[in-house]
file target08.cif (mmCIF, C-alpha atoms)
data_structure
#
loop_
_atom_site.group_PDB
_atom_site.id
_atom_site.type_symbol
_atom_site.label_atom_id
_atom_site.label_comp_id
_atom_site.auth_asym_id
_atom_site.auth_seq_id
_atom_site.Cartn_x
_atom_site.Cartn_y
_atom_site.Cartn_z
ATOM 1 C CA MET A 149 86.459 191.050 77.475
ATOM 2 C CA PRO A 150 89.092 193.742 77.882
ATOM 3 C CA ARG A 151 87.490 194.621 81.190
ATOM 4 C CA LEU A 152 87.916 191.024 82.371
ATOM 5 C CA LEU A 153 91.579 190.954 81.367
ATOM 6 C CA GLU A 154 92.171 194.219 83.143
ATOM 7 C CA LEU A 155 90.566 192.876 86.299
ATOM 8 C CA LEU A 156 92.637 189.700 86.126
ATOM 9 C CA ARG A 157 95.837 191.682 85.660
ATOM 10 C CA TRP A 158 94.989 193.897 88.620
ATOM 11 C CA LYS A 159 94.421 190.817 90.884
ATOM 12 C CA ILE A 160 97.698 189.210 89.794
ATOM 13 C CA GLN A 161 99.529 192.451 90.472
ATOM 14 C CA ALA A 162 97.868 192.655 93.855
ATOM 15 C CA VAL A 163 99.063 189.180 94.735
ATOM 16 C CA PHE A 164 102.644 189.976 93.763
ATOM 17 C CA ARG A 165 102.577 193.317 95.568
ATOM 18 C CA TRP A 166 101.533 191.687 98.796
ATOM 19 C CA LYS A 167 104.334 191.665 101.358
ATOM 20 C CA PRO A 168 103.238 189.505 104.271
ATOM 21 C CA THR A 169 104.332 190.195 107.827
ATOM 22 C CA ARG A 170 105.532 187.539 110.235
ATOM 23 C CA ALA A 171 102.121 187.377 111.811
ATOM 24 C CA GLN A 172 100.563 186.625 108.415
ATOM 25 C CA LEU A 173 103.324 184.286 107.208
ATOM 26 C CA LEU A 174 103.346 181.939 110.240
ATOM 27 C CA PRO A 175 99.715 180.742 109.893
ATOM 28 C CA LEU A 176 100.242 180.315 106.147
ATOM 29 C CA ILE A 177 103.336 178.129 106.670
ATOM 30 C CA LEU A 178 101.630 176.152 109.449
ATOM 31 C CA GLY A 179 98.617 175.629 107.182
ATOM 32 C CA VAL A 180 100.803 174.309 104.363
ATOM 33 C CA PHE A 181 102.596 171.939 106.766
ATOM 34 C CA ALA A 182 99.301 170.778 108.278
ATOM 35 C CA PHE A 183 97.903 170.097 104.813
ATOM 36 C CA ALA A 184 101.069 168.163 103.861
ATOM 37 C CA GLY A 185 100.942 166.201 107.138
ATOM 38 C CA TRP A 186 97.333 165.197 106.648
ATOM 39 C CA GLY A 187 98.156 164.166 103.071
ATOM 40 C CA ALA A 188 101.033 161.993 104.293
ATOM 41 C CA TYR A 189 98.776 160.473 106.960
ATOM 42 C CA ALA A 190 96.110 159.650 104.349
ATOM 43 C CA ASN A 191 98.751 158.102 102.110
ATOM 44 C CA LYS A 192 100.086 155.967 104.999
ATOM 45 C CA VAL A 193 96.572 154.803 105.946
ATOM 46 C CA SER A 194 95.903 153.823 102.339
ATOM 47 C CA ALA A 195 99.179 151.881 102.178
ATOM 48 C CA ASN A 196 98.391 150.147 105.474
ATOM 49 C CA ARG A 197 94.950 149.191 104.188
ATOM 50 C CA ASN A 198 96.545 147.677 101.069
ATOM 51 C CA LEU A 199 99.087 145.812 103.197
ATOM 52 C CA THR A 200 96.345 144.493 105.475
ATOM 53 C CA THR A 201 94.450 143.210 102.446
ATOM 54 C CA GLU A 202 97.590 141.556 101.070
ATOM 55 C CA VAL A 203 98.360 139.965 104.449
ATOM 56 C CA SER A 204 94.875 138.492 104.692
ATOM 57 C CA LEU A 205 95.155 137.128 101.130
ATOM 58 C CA LEU A 206 98.552 135.616 101.917
ATOM 59 C CA GLN A 207 97.211 134.023 105.102
ATOM 60 C CA THR A 208 94.343 132.496 103.125
ATOM 61 C CA GLU A 209 96.767 131.157 100.499
ATOM 62 C CA ARG A 210 99.047 129.818 103.239
ATOM 63 C CA ALA A 211 96.137 127.978 104.852
ATOM 64 C CA GLY A 212 95.289 126.451 101.456
ATOM 65 C CA PHE A 213 98.904 125.385 100.945
ATOM 66 C CA VAL A 214 99.068 123.858 104.438
ATOM 67 C CA SER A 215 95.901 121.835 103.830
ATOM 68 C CA ARG A 216 97.222 120.721 100.424
ATOM 69 C CA GLN A 217 100.509 119.679 102.025
ATOM 70 C CA GLN A 218 98.633 117.673 104.667
ATOM 71 C CA GLU A 219 96.607 115.950 101.925
ATOM 72 C CA LEU A 220 99.803 115.100 100.051
ATOM 73 C CA GLU A 221 101.455 113.794 103.215
ATOM 74 C CA GLN A 222 98.406 111.609 103.903
ATOM 75 C CA ALA A 223 98.445 110.306 100.323
ATOM 76 C CA ASN A 224 102.174 109.639 100.643
ATOM 77 C CA ALA A 225 101.628 107.736 103.894
ATOM 78 C CA ASN A 226 98.913 105.647 102.214
ATOM 79 C CA LEU A 227 101.213 104.866 99.290
ATOM 80 C CA VAL A 228 104.029 103.902 101.635
ATOM 81 C CA ARG A 229 101.663 101.617 103.553
ATOM 82 C CA ASP A 230 100.449 99.999 100.301
ATOM 83 C CA TRP A 231 103.996 99.472 99.055
ATOM 84 C CA GLN A 232 105.060 98.011 102.389
ATOM 85 C CA GLY A 233 102.176 95.533 102.146
ATOM 86 C CA LYS A 234 103.148 94.611 98.586
ATOM 87 C CA LEU A 235 106.778 94.270 99.636
ATOM 88 C CA ALA A 236 105.826 91.978 102.529
ATOM 89 C CA SER A 237 103.682 89.902 100.159
ATOM 90 C CA ALA A 238 106.544 89.690 97.645
ATOM 91 C CA ARG A 239 108.938 88.622 100.400
ATOM 92 C CA GLU A 240 106.505 85.925 101.507
ATOM 93 C CA GLU A 241 106.196 84.677 97.917
ATOM 94 C CA LEU A 242 109.990 84.687 97.646
ATOM 95 C CA VAL A 243 110.289 82.610 100.821
ATOM 96 C CA GLN A 244 107.742 80.143 99.420
ATOM 97 C CA ALA A 245 109.551 80.021 96.064
ATOM 98 C CA VAL A 246 112.887 79.402 97.808
ATOM 99 C CA ALA A 247 111.302 76.624 99.872
ATOM 100 C CA ALA A 248 109.797 75.077 96.734
ATOM 101 C CA ARG A 249 113.180 75.354 94.981
ATOM 102 C CA ASP A 250 114.940 73.674 97.907
ATOM 103 C CA ALA A 251 112.339 70.905 97.921
ATOM 104 C CA ALA A 252 112.768 70.457 94.163
ATOM 105 C CA LYS A 253 116.547 70.346 94.584
ATOM 106 C CA GLY A 254 116.112 67.659 97.242
ATOM 107 C CA GLN A 255 113.854 65.640 94.958
ATOM 108 C CA LEU A 256 116.300 66.123 92.089
ATOM 109 C CA GLY A 257 119.143 64.805 94.251
ATOM 110 C CA ASN A 258 117.073 61.760 95.243
ATOM 111 C CA SER A 259 116.062 61.179 91.631
ATOM 112 C CA GLN A 260 119.676 61.437 90.476
ATOM 113 C CA ARG A 261 120.774 58.911 93.130
ATOM 114 C CA GLU A 262 117.979 56.566 92.065
ATOM 115 C CA LEU A 263 118.999 57.058 88.419
ATOM 116 C CA VAL A 264 122.609 56.228 89.215
ATOM 117 C CA ALA A 265 121.486 53.146 91.149
ATOM 118 C CA SER A 266 119.193 52.115 88.273
ATOM 119 C CA LYS A 267 122.021 52.547 85.750
ATOM 120 C CA LYS A 268 124.277 50.444 87.963
ATOM 121 C CA ARG A 269 121.681 47.662 88.125
ATOM 122 C CA LEU A 270 121.166 47.921 84.372
ATOM 123 C CA ASP A 271 124.910 47.657 83.761
ATOM 124 C CA GLN A 272 125.109 44.663 86.124
ATOM 125 C CA ALA A 273 122.191 43.018 84.368
ATOM 126 C CA ARG A 274 123.833 43.556 80.971
ATOM 127 C CA GLU A 275 127.068 42.044 82.284
ATOM 128 C CA ARG A 276 125.189 38.953 83.500
ATOM 129 C CA VAL A 277 123.421 38.623 80.193
ATOM 130 C CA SER A 278 126.649 38.922 78.282
ATOM 131 C CA GLU A 279 128.374 36.333 80.564
ATOM 132 C CA THR A 280 125.733 33.654 80.398
ATOM 133 C CA GLY A 281 123.763 34.645 77.378
ATOM 134 C CA SER A 282 120.580 34.494 79.379
ATOM 135 C CA ILE A 283 118.980 36.493 82.099
ATOM 136 C CA LYS A 284 119.614 35.347 85.656
ATOM 137 C CA PRO A 285 117.056 35.896 88.334
ATOM 138 C CA ALA A 286 117.464 39.403 89.661
ATOM 139 C CA GLU A 287 118.715 40.030 93.128
ATOM 140 C CA PRO A 288 116.150 41.570 95.409
ATOM 141 C CA SER A 289 116.654 45.313 95.387
ATOM 142 C CA LYS A 290 117.994 46.890 98.504
ATOM 143 C CA LYS A 291 115.249 49.445 98.449
ATOM 144 C CA ALA A 292 112.464 46.873 98.361
ATOM 145 C CA ALA A 293 114.025 45.035 101.283
ATOM 146 C CA SER A 294 114.348 48.159 103.350
ATOM 147 C CA LYS A 295 110.710 49.204 102.832
ATOM 148 C CA PRO A 296 108.219 47.477 105.156
#
call {"tool": "encode", "arguments": {"input": "target08.cif", "output": "structure tokens"}}
result
Amino acid sequence: MPRLLELLRWKIQAVFRWKPTRAQLLPLILGVFAFAGWGAYANKVSANRNLTTEVSLLQTERAGFVSRQQELEQANANLVRDWQGKLASAREELVQAVAARDAAKGQLGNSQRELVASKKRLDQARERVSETGSIKPAEPSKKAASKP
């Protein structure tokens, strides 16, 4: 073991005693720079590969989102079409209800006029009964005469 330590010490001393010349130093420096350059290149290639993978994943997700958006737009268009149909149907029912209401109002007006006329005839008949104490023959109604 002491022999091994002695050998190791001698090699370390030899390394520190070495005084390189310019001719020896230039290739060493160029080698270090070349090694660093290739390391940077490998790092850049690895980063580019990761970016390419991320871009392809993002494009796939984007395509999925676009198709989902188109599905939602189609569903929205279908809902709008359905609601427009229901709205048109409701409007048609409203028009029919308004027409039925107007017809009922017309009938109500006619019925009220007939009621007023009937009350008038009843009042006249009561007056005749109270005057004579008996019922006189009724006058022919104007409505019966006007109907063929």
call {"tool": "atom_distance", "arguments": {"input": "target08.cif", "atom1": "CA of Asn258 in chain A", "atom2": "CA of Glu240 in chain A"}}
result
27.1 Å
call {"tool": "atom_distance", "arguments": {"input": "target08.cif", "atom1": "CA of Pro168 in chain A", "atom2": "CA of Gly185 in chain A"}}
result
23.6 Å
call {"tool": "axis_aligned_box", "arguments": {"input": "target08.cif", "around": "range 231-235 of chain A", "padding_each_side": "3 Å", "output": "AutoDock Vina command-line options"}}
result
--center_x 104.5 --center_y 96.9 --center_z 100.5 --size_x 10.6 --size_y 11.2 --size_z 9.8
call {"tool": "decode", "arguments": {"input": "target08.cif", "residues": "range 165-179 of chain A", "atoms": "N, CA, C and O atoms", "output": "PDB file, in the first residue's frame"}}
result
ATOM      1  N   ARG A 165       3.965  19.629 -12.154  1.00  0.00           N
ATOM      2  CA  ARG A 165       5.239  20.110 -12.664  1.00  0.00           C
ATOM      3  C   ARG A 165       5.209  20.381 -14.159  1.00  0.00           C
ATOM      4  O   ARG A 165       6.083  21.052 -14.679  1.00  0.00           O
ATOM      5  N   TRP A 166       4.232  19.876 -14.810  1.00  0.00           N
ATOM      6  CA  TRP A 166       4.152  20.009 -16.266  1.00  0.00           C
ATOM      7  C   TRP A 166       3.908  21.444 -16.641  1.00  0.00           C
ATOM      8  O   TRP A 166       2.965  22.079 -16.184  1.00  0.00           O
ATOM      9  N   LYS A 167       4.669  22.016 -17.462  1.00  0.00           N
ATOM     10  CA  LYS A 167       4.557  23.373 -17.978  1.00  0.00           C
ATOM     11  C   LYS A 167       4.383  23.261 -19.477  1.00  0.00           C
ATOM     12  O   LYS A 167       5.355  23.065 -20.191  1.00  0.00           O
ATOM     13  N   PRO A 168       3.117  23.356 -19.943  1.00  0.00           N
ATOM     14  CA  PRO A 168       2.895  23.165 -21.375  1.00  0.00           C
ATOM     15  C   PRO A 168       3.398  24.351 -22.187  1.00  0.00           C
ATOM     16  O   PRO A 168       3.400  25.485 -21.732  1.00  0.00           O
ATOM     17  N   THR A 169       3.747  24.069 -23.426  1.00  0.00           N
ATOM     18  CA  THR A 169       4.157  25.105 -24.369  1.00  0.00           C
ATOM     19  C   THR A 169       2.922  25.520 -25.155  1.00  0.00           C
ATOM     20  O   THR A 169       1.860  24.905 -25.062  1.00  0.00           O
ATOM     21  N   ARG A 170       3.067  26.568 -25.947  1.00  0.00           N
ATOM     22  CA  ARG A 170       1.933  27.006 -26.763  1.00  0.00           C
ATOM     23  C   ARG A 170       1.473  25.920 -27.709  1.00  0.00           C
ATOM     24  O   ARG A 170       0.272  25.751 -27.941  1.00  0.00           O
ATOM     25  N   ALA A 171       2.340  25.192 -28.227  1.00  0.00           N
ATOM     26  CA  ALA A 171       2.016  24.127 -29.181  1.00  0.00           C
ATOM     27  C   ALA A 171       1.221  23.026 -28.494  1.00  0.00           C
ATOM     28  O   ALA A 171       0.377  22.384 -29.102  1.00  0.00           O
ATOM     29  N   GLN A 172       1.465  22.796 -27.205  1.00  0.00           N
ATOM     30  CA  GLN A 172       0.716  21.784 -26.472  1.00  0.00           C
ATOM     31  C   GLN A 172      -0.608  22.353 -25.931  1.00  0.00           C
ATOM     32  O   GLN A 172      -1.590  21.634 -25.815  1.00  0.00           O
ATOM     33  N   LEU A 173      -0.610  23.619 -25.576  1.00  0.00           N
ATOM     34  CA  LEU A 173      -1.777  24.245 -24.964  1.00  0.00           C
ATOM     35  C   LEU A 173      -2.903  24.483 -25.964  1.00  0.00           C
ATOM     36  O   LEU A 173      -4.074  24.309 -25.634  1.00  0.00           O
ATOM     37  N   LEU A 174      -2.585  24.856 -27.199  1.00  0.00           N
ATOM     38  CA  LEU A 174      -3.600  25.156 -28.213  1.00  0.00           C
ATOM     39  C   LEU A 174      -4.502  23.957 -28.509  1.00  0.00           C
ATOM     40  O   LEU A 174      -5.730  24.079 -28.465  1.00  0.00           O
ATOM     41  N   PRO A 175      -3.963  22.757 -28.785  1.00  0.00           N
ATOM     42  CA  PRO A 175      -4.851  21.617 -29.019  1.00  0.00           C
ATOM     43  C   PRO A 175      -5.701  21.271 -27.785  1.00  0.00           C
ATOM     44  O   PRO A 175      -6.860  20.860 -27.912  1.00  0.00           O
ATOM     45  N   LEU A 176      -5.132  21.463 -26.591  1.00  0.00           N
ATOM     46  CA  LEU A 176      -5.879  21.181 -25.379  1.00  0.00           C
ATOM     47  C   LEU A 176      -7.083  22.129 -25.255  1.00  0.00           C
ATOM     48  O   LEU A 176      -8.204  21.691 -24.993  1.00  0.00           O
ATOM     49  N   ILE A 177      -6.855  23.413 -25.477  1.00  0.00           N
ATOM     50  CA  ILE A 177      -7.939  24.403 -25.408  1.00  0.00           C
ATOM     51  C   ILE A 177      -8.977  24.130 -26.495  1.00  0.00           C
ATOM     52  O   ILE A 177     -10.186  24.155 -26.244  1.00  0.00           O
ATOM     53  N   LEU A 178      -8.517  23.859 -27.713  1.00  0.00           N
ATOM     54  CA  LEU A 178      -9.445  23.563 -28.810  1.00  0.00           C
ATOM     55  C   LEU A 178     -10.267  22.304 -28.506  1.00  0.00           C
ATOM     56  O   LEU A 178     -11.462  22.237 -28.816  1.00  0.00           O
ATOM     57  N   GLY A 179      -9.635  21.321 -27.889  1.00  0.00           N
ATOM     58  CA  GLY A 179     -10.341  20.095 -27.520  1.00  0.00           C
ATOM     59  C   GLY A 179     -11.441  20.374 -26.491  1.00  0.00           C
ATOM     60  O   GLY A 179     -12.555  19.846 -26.579  1.00  0.00           O
TER      61      GLY A 179
END
